Amino acid sequence: LGRSVRCAVARELDDWLMDANNMMCWEGKMTAAERRILISVLVQKAMRYVMGEEMKSMRIGCFERTGCLITWLPNDIHDTKVRPRGMPQGSFTVPTNQSQSQDHLNDETAEPEAQDEEEAALDEEQRYLEEEENEEG
């Protein structure tokens, strides 16, 4: 995505420089304020292009390749889209624990793996209070 934005900014700058008056300004002295305004306009045009409908599949592909779709349950559709940079195509598999994911599907009372100590303490306290209520009632 970053490379696409950089390329789009370069194209916009090339288009801007095609105008003879702009080329004269570019080769002459531009104030810092003029340069800031120019770069803001170029980036704005580049972002409109990159965020446009015609670049939608590129943006989605960038998101998928990063691994943002990984879930703790195996998903053959999304997991195959993860492509870490520098690894040959098809050499990467998303690490999952099949037995735990199958156990979770079969047992709806299973607790999440990454439960922190505070949540565990609150759960334990809740169970204790429920047991006391049951004994009194």
# chains A, B, ... in the order shown; residues from 1 in each chain; ligands from 1

call {"tool": "residues_around", "arguments": {"residues": "Leu1 of chain A", "least_positions_apart": "4", "cutoff": "7 Å", "atoms": "only C-alpha atoms", "output": "list in words"}}
result
Val5, Arg59 and Cys62 of chain A

call {"tool": "write_last_selection", "arguments": {"atoms": "N, CA and C atoms", "output": "mmCIF file, in the first residue's frame"}}
result
data_model
loop_
_atom_site.group_PDB
_atom_site.id
_atom_site.type_symbol
_atom_site.label_atom_id
_atom_site.label_comp_id
_atom_site.auth_asym_id
_atom_site.auth_seq_id
_atom_site.Cartn_x
_atom_site.Cartn_y
_atom_site.Cartn_z
ATOM 1 N N VAL A 5 1.138 4.298 -2.840
ATOM 2 C CA VAL A 5 0.978 5.730 -2.567
ATOM 3 C C VAL A 5 2.195 6.495 -3.090
ATOM 4 N N ARG A 59 -5.983 -2.966 -2.241
ATOM 5 C CA ARG A 59 -6.023 -2.666 -0.808
ATOM 6 C C ARG A 59 -6.424 -3.894 0.003
ATOM 7 N N CYS A 62 -3.538 -6.336 0.138
ATOM 8 C CA CYS A 62 -2.507 -5.916 1.104
ATOM 9 C C CYS A 62 -2.910 -6.300 2.518
#

call {"tool": "residues_around", "arguments": {"residues": "Ile39 of chain A", "least_positions_apart": "3", "cutoff": "12 Å", "atoms": "only C-alpha atoms", "output": "list in words"}}
result
Arg6, Val9, Ala10, Glu12, Leu13, Trp16, Ala32, Ala33, Glu34, Arg35, Arg36, Leu42, Val43, Gln44, Lys45, Ala46 and Met47 of chain A

call {"tool": "closest_residue", "arguments": {"among": "A:Ile37, A:Met24, A:Arg3, A:Asp15", "to": "Met58 of chain A", "atoms": "only C-alpha atoms"}}
result
A:Arg3

call {"tool": "atom_distance", "arguments": {"atom1": "atom CA of Arg65 of chain A", "atom2": "atom CA of Gly52 of chain A"}}
result
19.9 Å

call {"tool": "atom_distance", "arguments": {"atom1": "atom CA of Ser57 of chain A", "atom2": "atom CA of Leu38 of chain A"}}
result
28.9 Å

call {"tool": "atom_distance", "arguments": {"atom1": "atom CA of Tyr49 of chain A", "atom2": "atom CA of Met18 of chain A"}}
result
19.2 Å
